[in-house]
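final-v3.txt follows (compact mmCIF, C-alpha atoms and all ligand atoms):
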# COMPACT_ATOMS: atom_id res chain seq x y z
CA MET A 1 1.84 20.96 6.12
CA LYS A 2 2.69 17.32 6.75
CA ARG A 3 2.54 14.85 3.88
CA LEU A 4 0.62 11.59 4.07
CA ASN A 5 3.80 9.49 3.98
CA THR A 6 5.31 11.35 6.91
CA GLN A 7 2.16 10.95 9.01
CA LEU A 8 1.95 7.23 8.23
CA GLN A 9 5.63 6.71 9.10
CA GLU A 10 5.21 8.63 12.36
CA ASP A 11 2.26 6.36 13.16
CA GLY A 12 4.51 3.31 12.73
CA CYS A 13 2.75 2.04 9.62
CA PRO A 14 4.66 -0.79 7.85
CA LEU A 15 6.07 0.05 4.41
CA GLU A 16 3.87 -2.39 2.52
CA LEU A 17 0.73 -0.94 4.11
CA ILE A 18 1.88 2.59 3.21
CA LEU A 19 2.34 1.47 -0.39
CA LEU A 20 -1.10 -0.14 -0.42
CA ILE A 21 -2.73 3.01 1.01
CA ARG A 22 -0.98 5.15 -1.60
CA THR A 23 -2.23 2.84 -4.34
CA LEU A 24 -5.78 2.99 -3.00
CA LEU A 25 -5.59 6.78 -2.84
CA ALA A 26 -4.33 6.94 -6.42
CA ALA A 27 -7.59 5.20 -7.36
CA CYS A 28 -9.56 7.71 -5.27
CA LYS A 29 -7.85 10.65 -6.99
CA GLU A 30 -8.96 9.20 -10.31
CA ILE A 31 -12.51 8.83 -8.95
CA SER A 32 -12.36 12.41 -7.64
CA PHE A 33 -11.49 13.62 -11.14
CA ARG A 34 -14.29 11.61 -12.79
CA VAL A 35 -16.81 12.83 -10.20
CA SER A 36 -15.79 16.46 -10.74
CA GLN A 37 -16.36 16.14 -14.49
CA GLY A 38 -20.03 15.29 -13.80
CA ALA A 39 -22.41 15.87 -16.68
CA LEU A 40 -19.51 16.93 -18.93
CA ALA A 41 -18.24 13.34 -18.99
CA GLY A 42 -21.68 11.69 -19.14
CA VAL A 43 -21.08 9.92 -15.80
CA LEU A 44 -24.34 10.92 -14.07
CA GLY A 45 -27.53 8.86 -13.97
CA SER A 46 -28.26 5.17 -13.52
CA THR A 47 -27.24 2.00 -15.31
CA LEU A 48 -29.82 -0.64 -16.20
CA SER A 49 -28.52 -3.14 -13.61
CA ASP A 50 -28.93 -3.81 -9.88
CA ASN A 51 -26.18 -4.79 -7.42
CA VAL A 52 -26.27 -7.85 -5.15
CA GLN A 53 -28.33 -5.91 -2.59
CA GLY A 54 -31.04 -5.16 -5.15
CA GLU A 55 -30.13 -1.49 -5.50
CA ARG A 56 -30.08 0.14 -8.95
CA GLN A 57 -26.45 0.96 -9.76
CA LYS A 58 -25.50 4.49 -10.71
CA LYS A 59 -22.97 4.90 -13.51
CA LEU A 60 -20.53 6.35 -10.99
CA ASP A 61 -20.96 3.29 -8.69
CA VAL A 62 -19.76 1.10 -11.54
CA ILE A 63 -16.95 3.43 -12.66
CA ALA A 64 -15.61 3.88 -9.11
CA ASN A 65 -15.82 0.14 -8.46
CA HIS A 66 -13.83 -0.70 -11.62
CA ILE A 67 -11.15 1.88 -10.87
CA LEU A 68 -10.60 0.61 -7.32
CA ARG A 69 -10.86 -3.07 -8.19
CA ASP A 70 -8.44 -2.84 -11.12
CA ILE A 71 -5.81 -0.65 -9.44
CA LEU A 72 -5.84 -2.72 -6.22
CA SER A 73 -5.78 -6.10 -7.93
CA GLU A 74 -2.83 -5.11 -10.14
CA SER A 75 -0.84 -3.67 -7.22
CA GLY A 76 0.53 -6.93 -5.81
CA TYR A 77 -0.17 -5.80 -2.21
CA VAL A 78 -3.71 -7.19 -2.05
CA LYS A 79 -4.80 -10.84 -1.88
CA ALA A 80 -8.50 -10.14 -2.41
CA VAL A 81 -11.02 -7.33 -2.47
CA SER A 82 -14.68 -7.21 -1.52
CA SER A 83 -16.95 -4.44 -2.74
CA GLU A 84 -20.55 -3.29 -2.33
CA GLU A 85 -20.84 -3.55 -6.10
CA GLU A 86 -19.48 -7.10 -6.44
CA ASP A 87 -21.55 -10.20 -5.55
CA ASN A 88 -18.45 -12.18 -4.51
CA VAL A 89 -14.92 -11.43 -3.37
CA ILE A 90 -12.40 -10.88 -6.16
CA GLY A 91 -9.12 -12.78 -5.84
CA CYS A 92 -6.08 -10.61 -6.61
CA HIS A 93 -2.41 -11.54 -5.98
CA PRO A 94 -1.67 -14.89 -4.24
CA ASP A 95 1.18 -13.28 -2.26
CA GLY A 96 -0.76 -10.12 -1.36
CA LYS A 97 -0.63 -9.43 2.38
CA TYR A 98 -3.89 -7.50 2.72
CA LEU A 99 -7.64 -7.72 2.20
CA VAL A 100 -9.51 -4.56 1.22
CA SER A 101 -13.29 -4.05 1.54
CA PHE A 102 -14.78 -0.94 0.01
CA ASP A 103 -17.92 0.99 -0.75
CA PRO A 104 -16.70 2.53 -4.01
CA LEU A 105 -19.26 5.31 -3.96
CA ASP A 106 -21.22 6.07 -0.83
CA GLY A 107 -24.29 8.27 -1.10
CA SER A 108 -24.91 7.36 -4.74
CA SER A 109 -28.33 9.00 -4.72
CA ASN A 110 -26.48 12.31 -4.32
CA THR A 111 -24.55 11.94 -7.60
CA ASP A 112 -27.29 13.41 -9.77
CA VAL A 113 -27.78 16.45 -7.52
CA ASN A 114 -24.07 17.36 -7.27
CA SER A 115 -24.04 16.71 -3.55
CA LEU A 116 -21.63 14.94 -1.16
CA ILE A 117 -20.39 11.45 -2.03
CA GLY A 118 -17.32 9.45 -1.07
CA THR A 119 -15.40 6.18 -1.02
CA ILE A 120 -15.16 4.13 2.20
CA PHE A 121 -12.46 1.49 2.77
CA SER A 122 -11.34 -1.04 5.36
CA ILE A 123 -8.04 -2.97 5.31
CA MET A 124 -7.22 -6.20 7.16
CA HIS A 125 -4.36 -8.71 7.04
CA ALA A 126 -4.87 -11.58 4.63
CA PRO A 127 -4.41 -14.94 6.37
CA GLN A 128 -1.61 -16.94 4.74
CA TRP A 129 -3.80 -20.04 4.41
CA MET A 130 -6.46 -18.37 2.32
CA GLU A 131 -7.08 -18.91 -1.36
CA PRO A 132 -7.44 -15.50 -3.03
CA ASP A 133 -11.14 -15.96 -3.82
CA ASP A 134 -12.12 -17.40 -0.41
CA PRO A 135 -14.77 -15.14 1.19
CA SER A 136 -14.36 -16.67 4.68
CA ALA A 137 -11.12 -14.75 5.28
CA PHE A 138 -13.14 -11.52 5.15
CA LEU A 139 -15.34 -12.69 8.02
CA GLN A 140 -13.23 -11.10 10.75
CA PRO A 141 -14.59 -8.55 13.24
CA GLY A 142 -13.80 -4.86 12.80
CA THR A 143 -11.28 -5.03 15.64
CA GLN A 144 -8.98 -6.74 13.11
CA GLN A 145 -8.83 -3.70 10.81
CA VAL A 146 -5.29 -2.36 10.33
CA ALA A 147 -6.44 0.79 8.53
CA ALA A 148 -9.74 2.36 7.55
CA GLY A 149 -11.07 5.59 6.21
CA TYR A 150 -13.00 7.46 3.58
CA VAL A 151 -12.34 9.93 0.82
CA LEU A 152 -15.00 12.64 0.63
CA TYR A 153 -15.60 14.19 -2.80
CA GLY A 154 -16.88 17.56 -1.62
CA PRO A 155 -15.95 21.19 -2.27
CA SER A 156 -12.46 19.91 -1.49
CA THR A 157 -11.45 16.28 -1.67
CA MET A 158 -10.67 15.10 1.86
CA LEU A 159 -9.40 11.92 3.42
CA ALA A 160 -10.15 10.73 6.97
CA MET A 161 -7.99 7.79 7.94
CA THR A 162 -6.78 5.79 10.91
CA THR A 163 -4.16 3.09 11.22
CA GLY A 164 -4.96 2.68 14.91
CA ARG A 165 -2.90 5.68 16.10
CA GLY A 166 -5.57 8.37 16.04
CA THR A 167 -7.78 9.68 13.26
CA HIS A 168 -6.30 12.28 10.93
CA LEU A 169 -7.93 14.48 8.30
CA TYR A 170 -6.11 15.24 5.05
CA THR A 171 -6.96 17.49 2.12
CA LEU A 172 -6.01 16.71 -1.47
CA ASP A 173 -3.75 19.47 -2.77
CA LYS A 174 -4.67 19.38 -6.44
CA THR A 175 -1.71 21.61 -7.31
CA HIS A 176 0.75 18.80 -6.60
CA GLY A 177 -1.58 15.80 -6.31
CA GLY A 178 -0.82 14.77 -2.72
CA PHE A 179 -2.88 14.51 0.46
CA LEU A 180 -1.65 16.86 3.23
CA VAL A 181 -2.58 16.61 6.91
CA THR A 182 -5.01 19.41 7.69
CA LYS A 183 -6.12 18.15 11.12
CA ALA A 184 -4.16 15.58 13.07
CA ASN A 185 -5.59 13.57 15.97
CA VAL A 186 -9.19 14.60 15.58
CA GLN A 187 -11.13 14.60 18.86
CA VAL A 188 -14.90 14.38 18.55
CA PRO A 189 -16.56 16.62 21.19
CA GLU A 190 -18.10 14.38 23.86
CA GLN A 191 -21.33 16.36 23.98
CA THR A 192 -23.51 17.61 21.18
CA ASN A 193 -26.87 19.09 20.31
CA GLU A 194 -26.94 17.72 16.75
CA PHE A 195 -28.39 14.43 15.53
CA ALA A 196 -28.63 12.74 12.13
CA ILE A 197 -31.27 10.13 11.37
CA ASN A 198 -33.72 9.52 8.54
CA SER A 199 -36.86 10.16 10.58
CA SER A 200 -39.17 9.15 7.73
CA ASN A 201 -38.48 5.60 9.01
CA GLN A 202 -39.48 6.38 12.59
CA ARG A 203 -42.53 4.11 12.68
CA HIS A 204 -40.31 1.11 11.80
CA TRP A 205 -37.73 1.61 14.57
CA GLU A 206 -37.48 -0.38 17.80
CA GLU A 207 -39.04 1.19 20.90
CA PRO A 208 -35.75 2.47 22.45
CA MET A 209 -34.87 4.51 19.35
CA GLN A 210 -38.44 5.83 19.10
CA SER A 211 -38.28 7.10 22.68
CA TYR A 212 -34.78 8.52 22.32
CA VAL A 213 -35.64 10.57 19.22
CA THR A 214 -38.96 11.68 20.71
CA ASP A 215 -36.99 13.10 23.66
CA LEU A 216 -34.50 14.84 21.34
CA ILE A 217 -37.34 16.50 19.44
CA ALA A 218 -39.05 17.56 22.69
CA GLY A 219 -35.95 19.74 23.22
CA SER A 220 -35.83 22.10 26.17
CA GLU A 221 -39.43 21.22 27.07
CA GLY A 222 -38.65 17.49 27.32
CA PRO A 223 -36.54 15.33 29.68
CA ARG A 224 -33.26 16.31 27.95
CA LYS A 225 -33.90 19.97 28.80
CA LYS A 226 -32.01 21.29 25.78
CA ASP A 227 -32.81 21.95 22.13
CA PHE A 228 -31.33 19.74 19.42
CA ASN A 229 -30.78 20.41 15.73
CA MET A 230 -31.03 17.84 12.94
CA ARG A 231 -28.88 17.29 9.81
CA TRP A 232 -29.13 14.61 7.10
CA VAL A 233 -26.77 14.53 4.10
CA ALA A 234 -28.10 11.16 2.80
CA ALA A 235 -24.51 10.02 2.40
CA MET A 236 -22.91 8.40 5.41
CA VAL A 237 -19.53 9.87 4.44
CA GLY A 238 -20.96 13.39 4.64
CA ASP A 239 -22.75 12.81 7.93
CA ILE A 240 -19.76 11.11 9.57
CA HIS A 241 -17.43 13.83 8.34
CA ARG A 242 -19.58 16.46 10.04
CA VAL A 243 -19.62 14.41 13.26
CA LEU A 244 -15.82 14.05 13.17
CA CYS A 245 -15.45 17.80 12.61
CA ARG A 246 -17.91 19.17 15.18
CA GLY A 247 -19.57 16.29 17.01
CA GLY A 248 -23.06 14.83 16.77
CA ILE A 249 -24.80 11.49 16.78
CA PHE A 250 -25.52 9.58 13.57
CA ALA A 251 -27.92 6.64 13.53
CA TYR A 252 -29.25 4.20 10.97
CA PRO A 253 -31.02 1.99 13.51
CA PHE A 254 -32.63 -1.44 13.47
CA ASP A 255 -35.71 -1.43 11.27
CA LYS A 256 -38.56 -3.88 11.99
CA ARG A 257 -39.77 -4.17 8.38
CA ASN A 258 -37.66 -7.18 7.47
CA PRO A 259 -36.00 -9.15 10.30
CA ALA A 260 -33.57 -10.63 7.76
CA ILE A 261 -32.25 -7.10 7.09
CA PRO A 262 -31.51 -5.61 10.53
CA GLY A 263 -30.26 -2.27 9.21
CA LYS A 264 -29.48 -0.44 5.99
CA LEU A 265 -25.74 0.01 6.35
CA ARG A 266 -23.23 -2.71 5.56
CA LEU A 267 -20.92 -3.95 8.32
CA GLN A 268 -17.71 -4.50 6.43
CA TYR A 269 -17.40 -1.46 4.20
CA GLU A 270 -19.61 1.12 5.94
CA ALA A 271 -20.11 0.45 9.67
CA ASN A 272 -16.70 -1.02 10.62
CA PRO A 273 -14.46 1.57 8.96
CA MET A 274 -16.58 4.45 10.33
CA ALA A 275 -16.57 2.81 13.78
CA PHE A 276 -12.75 2.54 13.71
CA LEU A 277 -12.42 6.23 12.73
CA MET A 278 -14.93 7.28 15.39
CA GLU A 279 -13.36 5.29 18.24
CA GLN A 280 -9.90 6.53 17.30
CA ALA A 281 -11.28 10.07 17.55
CA GLY A 282 -12.70 9.48 21.05
CA GLY A 283 -16.27 8.72 19.94
CA LEU A 284 -18.35 5.56 20.29
CA ALA A 285 -19.84 3.19 17.71
CA ASP A 286 -22.53 0.68 18.69
CA THR A 287 -25.39 -1.30 17.20
CA GLY A 288 -27.64 -0.61 20.22
CA HIS A 289 -26.81 -4.13 21.39
CA GLY A 290 -22.98 -4.07 21.41
CA ARG A 291 -19.85 -2.53 19.95
CA ILE A 292 -19.96 -2.48 16.12
CA MET A 293 -16.33 -3.59 15.78
CA GLU A 294 -17.02 -6.73 17.82
CA VAL A 295 -19.81 -7.99 15.57
CA MET A 296 -18.71 -11.33 14.11
CA PRO A 297 -19.60 -11.20 10.40
CA THR A 298 -21.39 -14.11 8.80
CA GLU A 299 -21.36 -12.83 5.24
CA ILE A 300 -19.57 -10.10 3.29
CA HIS A 301 -22.63 -7.94 2.57
CA GLN A 302 -24.11 -8.24 6.07
CA ARG A 303 -26.07 -5.25 7.35
CA VAL A 304 -26.07 -3.86 10.89
CA PRO A 305 -27.82 -1.15 12.87
CA VAL A 306 -25.48 1.80 13.40
CA LEU A 307 -25.31 4.37 16.20
CA LEU A 308 -22.17 6.45 16.41
CA GLY A 309 -20.64 9.77 17.32
CA SER A 310 -20.09 11.94 20.39
CA LYS A 311 -19.32 9.74 23.40
CA ASP A 312 -21.77 11.15 25.95
CA GLU A 313 -24.64 11.32 23.46
CA VAL A 314 -24.14 7.73 22.26
CA GLU A 315 -24.02 6.61 25.90
CA THR A 316 -27.26 8.49 26.59
CA CYS A 317 -28.89 6.84 23.58
CA LEU A 318 -27.72 3.41 24.79
CA THR A 319 -29.42 3.93 28.16
CA TYR A 320 -32.74 3.70 26.26
CA TYR A 321 -31.72 0.20 25.11
CA ARG A 322 -30.85 -1.07 28.60
O1 LIG B 401 -31.42 8.68 3.02
P1 LIG B 401 -31.62 7.21 2.98
O2 LIG B 401 -32.21 6.70 1.72
O3 LIG B 401 -32.32 6.70 4.18
O4 LIG B 401 -30.18 6.49 3.03
C1 LIG B 401 -29.00 7.15 3.19
C2 LIG B 401 -27.93 6.18 3.54
O5 LIG B 401 -27.76 5.27 2.45
C3 LIG B 401 -26.44 5.30 2.00
O6 LIG B 401 -26.40 6.20 0.92
C4 LIG B 401 -26.03 3.93 1.54
O7 LIG B 401 -24.85 3.94 0.81
P2 LIG B 401 -24.72 3.64 -0.79
O8 LIG B 401 -25.00 4.89 -1.55
O9 LIG B 401 -23.28 3.21 -0.85
O10 LIG B 401 -25.67 2.52 -1.11
C5 LIG B 401 -25.65 5.88 3.17
O11 LIG B 401 -24.51 6.53 2.76
C6 LIG B 401 -26.63 6.86 3.78
O12 LIG B 401 -26.41 7.10 5.12
MG MG B 402 -22.67 3.35 1.14
MG MG B 403 -22.08 2.65 -2.43

Kindly transcribe the structure held in the file into structure tokens.
Ligand SMILES: O=P(O)(O)OC[C@H]1O[C@](O)(COP(=O)(O)O)[C@@H](O)[C@@H]1O
Ligand SMILES: [Mg+2]
Ligand SMILES: [Mg+2]
Amino acid sequence: MKRLNTQLQEDGCPLELILLIRTLLAACKEISFRVSQGALAGVLGSTLSDNVQGERQKKLDVIANHILRDILSESGYVKAVSSEEEDNVIGCHPDGKYLVSFDPLDGSSNTDVNSLIGTIFSIMHAPQWMEPDDPSAFLQPGTQQVAAGYVLYGPSTMLAMTTGRGTHLYTLDKTHGGFLVTKANVQVPEQTNEFAINSSNQRHWEEPMQSYVTDLIAGSEGPRKKDFNMRWVAAMVGDIHRVLCRGGIFAYPFDKRNPAIPGKLRLQYEANPMAFLMEQAGGLADTGHGRIMEVMPTEIHQRVPVLLGSKDEVETCLTYYR
């Protein structure tokens, strides 16, 4: 099986980016170990503090954040990092060439039930003019990402990553500690009969999403004339991994409750990296009102509606918005 380094070289990835990715994955291997120790290491449960988005932090959110932040900032490859668990960007090395945004632990509510969780990351070039702690340099659209992916801490630890030359899946071989390519050039099936959405929020969605999901649920007796199945992992990494593996549509749509918060998921370290992976695998990623990767960010913790997955199904969903 092909090693990570070989795949990255074949994809034309510059040496410094390869070294940065390897450093980031070293942090993820450490997180994978801590996660697998679970209750034995006392890492389950919540802390007594909230993050900048007002969410109660789990112990593993804090541990994963510290591991990533410390390893990346000491590496010399990174000028600054931005994290779900940090209010502001953290300046790293003044000569670092890259910016890294990450969700250190996605699906935190799954930690206490030993279910799927992961780390999501997005890498961009650091502008030369920027001061290391300047947040404005992070406000670039997702089209500027040079690499993105996630590490899924499941029955096996897997990596999905793109550097703009296709999306590849890797599995961590714990016998030698390296990630090996287990599926190169993933292609998401264009059609699907599987959808993922938290339908307990249905009454808060915009009209187009209400109608779309109503038609999915009507199945073979409705206008779609086929039956659909539903899946919800409650961790975006788990849901997106399933969509990459066998197709589907995943949505966390616009929610009318608070116009200041147009969606649950965060643009820079959830929506953009997943959109990059999905598009590189032949899928689509949209907000319902435009391509996710073209959204111009206004702040580092900005939220967006998310609709992504199998090409034909996302296109069908978008017809309800037009
Ligand atoms: O099931 P819910 O509560 O609607 O939300 C699930 C969503 O929230 C998230 O867990 C948010 O991520 P965090 O755990 O990083 O805050 C997504 O991964 C997931 O899709
Ligand atoms: Mg998350
Ligand atoms: Mg998180």

Could you name the residues that touch Leu284 (chain A) at 12 Å or less, counting only C-alpha atoms, but leaving out those on the same chain fewer than 6 positions away, as a VMD selection string?
chain A and resid 187 to 191 243 to 244 247 to 251 271 to 272 274 to 278 290 to 293 306 to 318

Students should find that CA of Lys79 (chain A) and CA of Leu8 (chain A) are spaced 21.8 Å

From CA of Met230 (chain A) to CA of Cys245 (chain A) the spacing works out at 15.6 Å

Closest of A:Ile71, A:Ile300, A:Leu99, A:Ala235 to ligand MG 403 (chain B) - atom-to-atom distances counting all atoms listed in the file:
A:Ala235

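All residues, whether protein, DNA or RNA, that have an atom at most 6 Å from ligand LIG 401 (chain B) (counting all atoms listed in the file) are Asp103, Leu105, Asp106, Gly107, Ser108, Asn198, Ala234, Ala235 and Met236 of chain A.
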
Within 10 Å of ligand MG 403 (chain B) (all atoms listed in the file), residues as a PDB file with C-alpha atoms, in the coordinates of the input:
ATOM      1  CA  ASN A  51     -26.180  -4.790  -7.420  1.00  0.00           C
ATOM      2  CA  GLU A  55     -30.130  -1.490  -5.500  1.00  0.00           C
ATOM      3  CA  GLN A  57     -26.450   0.960  -9.760  1.00  0.00           C
ATOM      4  CA  LYS A  58     -25.500   4.490 -10.710  1.00  0.00           C
ATOM      5  CA  LEU A  60     -20.530   6.350 -10.990  1.00  0.00           C
ATOM      6  CA  ASP A  61     -20.960   3.290  -8.690  1.00  0.00           C
ATOM      7  CA  VAL A  62     -19.760   1.100 -11.540  1.00  0.00           C
ATOM      8  CA  ALA A  64     -15.610   3.880  -9.110  1.00  0.00           C
ATOM      9  CA  ASN A  65     -15.820   0.140  -8.460  1.00  0.00           C
ATOM     10  CA  SER A  83     -16.950  -4.440  -2.740  1.00  0.00           C
ATOM     11  CA  GLU A  84     -20.550  -3.290  -2.330  1.00  0.00           C
ATOM     12  CA  GLU A  85     -20.840  -3.550  -6.100  1.00  0.00           C
ATOM     13  CA  PHE A 102     -14.780  -0.940   0.010  1.00  0.00           C
ATOM     14  CA  ASP A 103     -17.920   0.990  -0.750  1.00  0.00           C
ATOM     15  CA  PRO A 104     -16.700   2.530  -4.010  1.00  0.00           C
ATOM     16  CA  LEU A 105     -19.260   5.310  -3.960  1.00  0.00           C
ATOM     17  CA  ASP A 106     -21.220   6.070  -0.830  1.00  0.00           C
ATOM     18  CA  GLY A 107     -24.290   8.270  -1.100  1.00  0.00           C
ATOM     19  CA  SER A 108     -24.910   7.360  -4.740  1.00  0.00           C
ATOM     20  CA  SER A 109     -28.330   9.000  -4.720  1.00  0.00           C
ATOM     21  CA  ILE A 117     -20.390  11.450  -2.030  1.00  0.00           C
ATOM     22  CA  GLY A 118     -17.320   9.450  -1.070  1.00  0.00           C
ATOM     23  CA  THR A 119     -15.400   6.180  -1.020  1.00  0.00           C
ATOM     24  CA  ILE A 120     -15.160   4.130   2.200  1.00  0.00           C
ATOM     25  CA  ALA A 235     -24.510  10.020   2.400  1.00  0.00           C
ATOM     26  CA  MET A 236     -22.910   8.400   5.410  1.00  0.00           C
ATOM     27  CA  LEU A 265     -25.740   0.010   6.350  1.00  0.00           C
ATOM     28  CA  ARG A 266     -23.230  -2.710   5.560  1.00  0.00           C
ATOM     29  CA  TYR A 269     -17.400  -1.460   4.200  1.00  0.00           C
ATOM     30  CA  GLU A 270     -19.610   1.120   5.940  1.00  0.00           C
TER      31      GLU A 270
END
